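Structure, as structure tokens:
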Amino acid sequence: MEQVYFDHAATTPPRPEVIEAMLPYLRERWGNPSSLHATGVRAAEGIERAREHIAALLGAQPDEIVLTGSGTEADNHALIGVSQALRDKGDHIITSAVEHHAILHTAAFLEECGLRVTYLPVDGAGMVDPPDVRDAITDKTVLVSIMHANNEVGTIQPIAEIGAICREREVLFHTDAVQTVGHVPINLREIHVDLLSLSAHKLYGPKGVGALYIREGACVRSYMHGGGQEQGRRAGTENVAGIVGLGEAARLAREEMAWEMSHNAGLCSLLIRGVRQHVPEVTETGHPCQRLPNNASFCVAGVEGESILLNLDLEGFAVSSGSACTSGGLEPSHVLLAMGIPPEIARGSLRVSVGRDNTFEQVDRFLDVFPRVVERLRSMSPIVRAASQ
Ligand code: PLP
């Protein structure tokens with residue numbers, strides 16, 4: 001059975017061009033980029049070319065890009081690096097309740113270290129209200145970190161407005177753009193962002209590589225200590241092949257973004273229309289229009305998202321659910337709860353995230369299978385049976 005991959009928000013398949021670009025850096029150009037001899041220089045050249053492609057995709061300068069080992073590391077670097085650099089100025093950071101755990105758990109760690117953290121609420125569409133950012137800033141605030149788009153429900157935050165507020169109040173602004181880089185246009189020449197995190201494996205690059213954009217002049221302490229790599233900003237011998245893969249993925253994303261956005265939006269709108277038509281009692285989640293073009297997310301009443309996921313997997317479709325099984329119980333996602341979705345509805349959450357290789361025919365097949373899966377599970381569900389008795 002052909003497996004249809006509808007989970008691009010979790011990770012994307014590395015593009016063949018990306019793999020081709022990486023191979024020479026595993027086979028022949030395997031030198032240590034810090035070495036002064038020709039073998040090292042060839043590896044270093046690969047890194048610098050990649051840095052240029054990443055910078056071009058963001059509208060940044062190449063030396064504003066610090067390469068990291070993941071999106072998670074970039075997020076840690078931003079929060080920990082700024083709070084340490086500006087310890088004398090203040091001890092307060094602001095973030096939102098719907099961030100990825102790479103931010104939320106880092107913020108919790110900083111609280112343990114004595115910092116104060118404000119977690120801004122979101123509305124029913126998962127959106128932060130920019131005036132809330134303005135109200136939360138105090139003279140002790142050193143950083144605002146609000147994600148660009150949410151990984152579960154796809155809502156795109158008003159980062160231009162938030163950035164303008166931060167600039168006016170002279171507070172550094174970080175955005176976790178792991179879900180948006182390569183998928184929607186970002187021009188850092190036009191919006192005010194001081195720090196931005198990205199991850200290669202979300203844009204058809206390899207896993208284990210990311211980057212942190214640090215605007216020239218922004219005050220950030222390095223987070224990894226050791227050698228002088230990345231101009232002393234991130235110690236550790238570089239993952240050269242991975243970085244070259246990220247560079248190629250960034251180059252391709254820049255060239256093909258317009259096509260990919262419209263392709264993905266077309267697939268998602270077909271999918272959502274079909275779900276509305278064929279599955280009763282479905283709540284769409286996230287913002288109706290300010291959303292990632294490749295994300296369709298909804299909650300199905302009366303069934304658990306994880307059961308739908310496993311049944312769809314048996315039918316050949318890979319999707320994801322916001323409810324995570326922890327010690328035998330289903331924990332509804334913190335994102336959906338923050339959006340005010342009742343836990344019993346949030347337990348039925350499903351995320352379908354499409355990509356460049358998906359076809360309309362695959363969406364049609366999904367729409368054939370999905371209503372049957374939901375109907376079968378509902379007929380077996382103790383919740384639904386009790387309600388109908
Ligand atoms: N931030 C967001 C919004 C994400 O979706 C993810 C990954 O799912 C991360 C951070 C972490 O990125 P990485 O997998 O590269 O550590």
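By order of appearance in the structure tokens: chains A, B, ..., then residues from 1 within every chain, and ligands from 1 in the order shown.
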Write out as a tab-separated table the residues of stretch 44-157 of chain A that have any atom within 10 Å of an atom of stretch 271-286 of chain A, one row each with the nearest atom pair and its distance in Å to one decimal, counting only C-alpha atoms, sorted by chain and then rising number.
```
residue	atom	partner	partner_atom	distance
A:Asp123	CA	A:Gly286	CA	9.7
A:Gly124	CA	A:Gly286	CA	7.7
A:Ala125	CA	A:Gly286	CA	4.6
A:Gly126	CA	A:Gly286	CA	5.8
A:Met127	CA	A:Gly286	CA	8.3
A:Asn150	CA	A:Gly286	CA	8.6
A:Glu152	CA	A:Gly286	CA	8.4
A:Val153	CA	A:Gly286	CA	4.7
A:Gly154	CA	A:Gly286	CA	6.1
A:Thr155	CA	A:Gly286	CA	5.2
A:Ile156	CA	A:Gly286	CA	8.9
```
For N, CA, C and O atoms, I'd like the residues from the last selection saved as a short mmCIF file (atom, residue, chain, number, x, y, z; two decimals), in the first residue's frame.
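In the end it all went to selection15.cif:
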```
data_model
loop_
_atom_site.label_atom_id
_atom_site.label_comp_id
_atom_site.auth_asym_id
_atom_site.auth_seq_id
_atom_site.Cartn_x
_atom_site.Cartn_y
_atom_site.Cartn_z
N ASP A 123 -6.43 34.39 21.52
CA ASP A 123 -7.88 34.32 21.34
C ASP A 123 -8.27 32.94 20.80
O ASP A 123 -7.42 32.04 20.67
N GLY A 124 -9.53 32.77 20.45
CA GLY A 124 -10.03 31.47 20.00
C GLY A 124 -9.39 30.98 18.72
O GLY A 124 -9.44 29.79 18.40
N ALA A 125 -8.76 31.90 17.97
CA ALA A 125 -8.08 31.50 16.73
C ALA A 125 -6.59 31.25 16.96
O ALA A 125 -5.85 30.97 16.03
N GLY A 126 -6.17 31.41 18.22
CA GLY A 126 -4.75 31.16 18.53
C GLY A 126 -3.87 32.37 18.33
O GLY A 126 -2.64 32.26 18.28
N MET A 127 -4.49 33.56 18.27
CA MET A 127 -3.75 34.78 17.94
C MET A 127 -3.42 35.58 19.21
O MET A 127 -4.30 35.77 20.06
N ASN A 150 2.04 28.83 14.40
CA ASN A 150 1.91 27.72 15.34
C ASN A 150 2.01 26.37 14.63
O ASN A 150 1.39 26.17 13.58
N GLU A 152 0.81 23.50 15.56
CA GLU A 152 -0.36 22.61 15.61
C GLU A 152 -1.51 23.14 14.76
O GLU A 152 -2.08 22.40 13.97
N VAL A 153 -1.86 24.41 14.97
CA VAL A 153 -3.07 24.91 14.31
C VAL A 153 -2.77 25.85 13.14
O VAL A 153 -3.67 26.25 12.42
N GLY A 154 -1.51 26.20 12.94
CA GLY A 154 -1.11 26.96 11.74
C GLY A 154 -1.33 28.46 11.80
O GLY A 154 -1.00 29.16 10.83
N THR A 155 -1.85 28.99 12.91
CA THR A 155 -2.11 30.43 13.00
C THR A 155 -0.82 31.24 12.86
O THR A 155 0.18 30.93 13.54
N ILE A 156 -0.85 32.24 11.99
CA ILE A 156 0.32 33.12 11.81
C ILE A 156 0.12 34.37 12.66
O ILE A 156 -0.90 35.06 12.56
#
```
Q: Find the residues near ligand 1. Use a cut-off of 9 Å, count only C-alpha atoms and all ligand atoms, and write them as number ranges by chain.
A: A: 9-11, 69-75, 99-103, 147-152, 176-180, 197-202, 207-210
Q.
Taking the DSSP secondary structure from the backbone, can you list the residues of stretch 106-206 of chain A that are strand (DSSP E or B), as a ChimeraX atom specification?
A. /A:116-120,141-145,149,155-156,172-176,195-199
Quick one: write out the picked residues with C-alpha atoms as a PDB file, in the first residue's frame?
```
ATOM      1  CA  ARG A 116      10.056  36.263  35.595  1.00  0.00           C
ATOM      2  CA  VAL A 117       8.093  35.126  32.546  1.00  0.00           C
ATOM      3  CA  THR A 118       4.756  36.454  31.284  1.00  0.00           C
ATOM      4  CA  TYR A 119       2.792  33.981  29.158  1.00  0.00           C
ATOM      5  CA  LEU A 120       0.397  35.997  26.994  1.00  0.00           C
ATOM      6  CA  THR A 141      11.712  43.309  30.148  1.00  0.00           C
ATOM      7  CA  VAL A 142      14.693  42.085  28.151  1.00  0.00           C
ATOM      8  CA  LEU A 143      13.019  39.917  25.504  1.00  0.00           C
ATOM      9  CA  VAL A 144       9.703  39.237  23.788  1.00  0.00           C
ATOM     10  CA  SER A 145       9.498  35.841  22.059  1.00  0.00           C
ATOM     11  CA  ALA A 149       3.267  30.370  13.052  1.00  0.00           C
ATOM     12  CA  THR A 155      -2.109  30.428  13.001  1.00  0.00           C
ATOM     13  CA  ILE A 156       0.316  33.122  11.806  1.00  0.00           C
ATOM     14  CA  LEU A 172      14.594  42.675  21.795  1.00  0.00           C
ATOM     15  CA  PHE A 173      12.118  40.607  19.766  1.00  0.00           C
ATOM     16  CA  HIS A 174      12.647  36.923  18.944  1.00  0.00           C
ATOM     17  CA  THR A 175      10.380  34.830  16.744  1.00  0.00           C
ATOM     18  CA  ASP A 176      10.384  31.057  16.415  1.00  0.00           C
ATOM     19  CA  LEU A 195      16.297  37.150  16.487  1.00  0.00           C
ATOM     20  CA  LEU A 196      14.679  34.379  14.447  1.00  0.00           C
ATOM     21  CA  SER A 197      14.932  30.583  14.741  1.00  0.00           C
ATOM     22  CA  LEU A 198      14.668  28.130  11.857  1.00  0.00           C
ATOM     23  CA  SER A 199      15.167  24.423  11.323  1.00  0.00           C
TER      24      SER A 199
END
```
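Using only C-alpha atoms, the nearest neighbour of A:Ala253 within the list A:Glu161, A:Glu17, A:Glu28, A:Glu2 is A:Glu17.
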Could you list, as a compact mmCIF listing (two decimals) with N, CA and C atoms, in the first residue's frame, every residue within 9 Å of A:Val18, counting only C-alpha atoms and ignoring same-chain residues fewer than 3 positions away?
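Result written to out_37.txt:
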```txt
# COMPACT_ATOMS: atom_id res chain seq x y z
N PRO A 14 13.79 15.09 2.85
CA PRO A 14 14.85 15.88 2.20
C PRO A 14 14.72 15.79 0.68
N ARG A 15 14.83 16.93 0.02
CA ARG A 15 14.69 16.94 -1.45
C ARG A 15 15.90 16.25 -2.08
N ALA A 21 23.46 17.75 -3.05
CA ALA A 21 24.37 18.83 -2.64
C ALA A 21 25.19 18.41 -1.42
N MET A 22 24.61 17.57 -0.56
CA MET A 22 25.30 17.17 0.67
C MET A 22 26.37 16.11 0.42
N LEU A 23 26.12 15.21 -0.53
CA LEU A 23 26.99 14.04 -0.68
C LEU A 23 28.48 14.37 -0.82
N TYR A 204 12.49 20.76 3.86
CA TYR A 204 13.04 19.77 2.92
C TYR A 204 14.56 19.67 3.00
N GLY A 205 15.11 20.03 4.17
CA GLY A 205 16.54 19.85 4.42
C GLY A 205 16.74 18.70 5.40
N PRO A 206 17.98 18.49 5.83
CA PRO A 206 18.26 17.37 6.74
C PRO A 206 17.90 17.70 8.20
N VAL A 244 25.26 22.45 4.42
CA VAL A 244 25.18 22.60 2.96
C VAL A 244 23.76 22.21 2.50
N GLY A 245 23.20 21.16 3.11
CA GLY A 245 21.83 20.74 2.79
C GLY A 245 20.83 21.83 3.12
N LEU A 246 21.01 22.47 4.27
CA LEU A 246 20.11 23.57 4.64
C LEU A 246 20.23 24.71 3.63
N GLY A 247 21.46 25.01 3.21
CA GLY A 247 21.66 26.08 2.23
C GLY A 247 20.94 25.78 0.92
N GLU A 248 21.05 24.53 0.46
CA GLU A 248 20.40 24.17 -0.80
C GLU A 248 18.88 24.22 -0.64
N ALA A 249 18.39 23.75 0.52
CA ALA A 249 16.94 23.80 0.76
C ALA A 249 16.46 25.25 0.76
N LEU A 252 16.37 26.59 -2.87
CA LEU A 252 15.23 26.07 -3.62
C LEU A 252 13.92 26.69 -3.12
```
Q: Kindly indicate which residue among A:Leu57, A:His77, A:Asn295, A:Ala301 lies nearest to A:Glu255, using only C-alpha atoms for the distances.
A: A:Leu57
Q | Residue contacts of stretch 346-358 of chain A (8 Å, only C-alpha atoms) excluding same-chain residues fewer than 4 positions away, as JSON, numbers by chain | A | {"A": [4, 5, 6, 7, 8, 9, 12, 152, 153, 260, 263, 264, 267, 268, 294, 295, 296, 297, 298, 299, 300, 301, 302, 303, 304, 305, 306, 308, 309, 319, 320, 321, 322, 323, 330, 331, 332, 333, 336, 337, 341, 342, 362]}
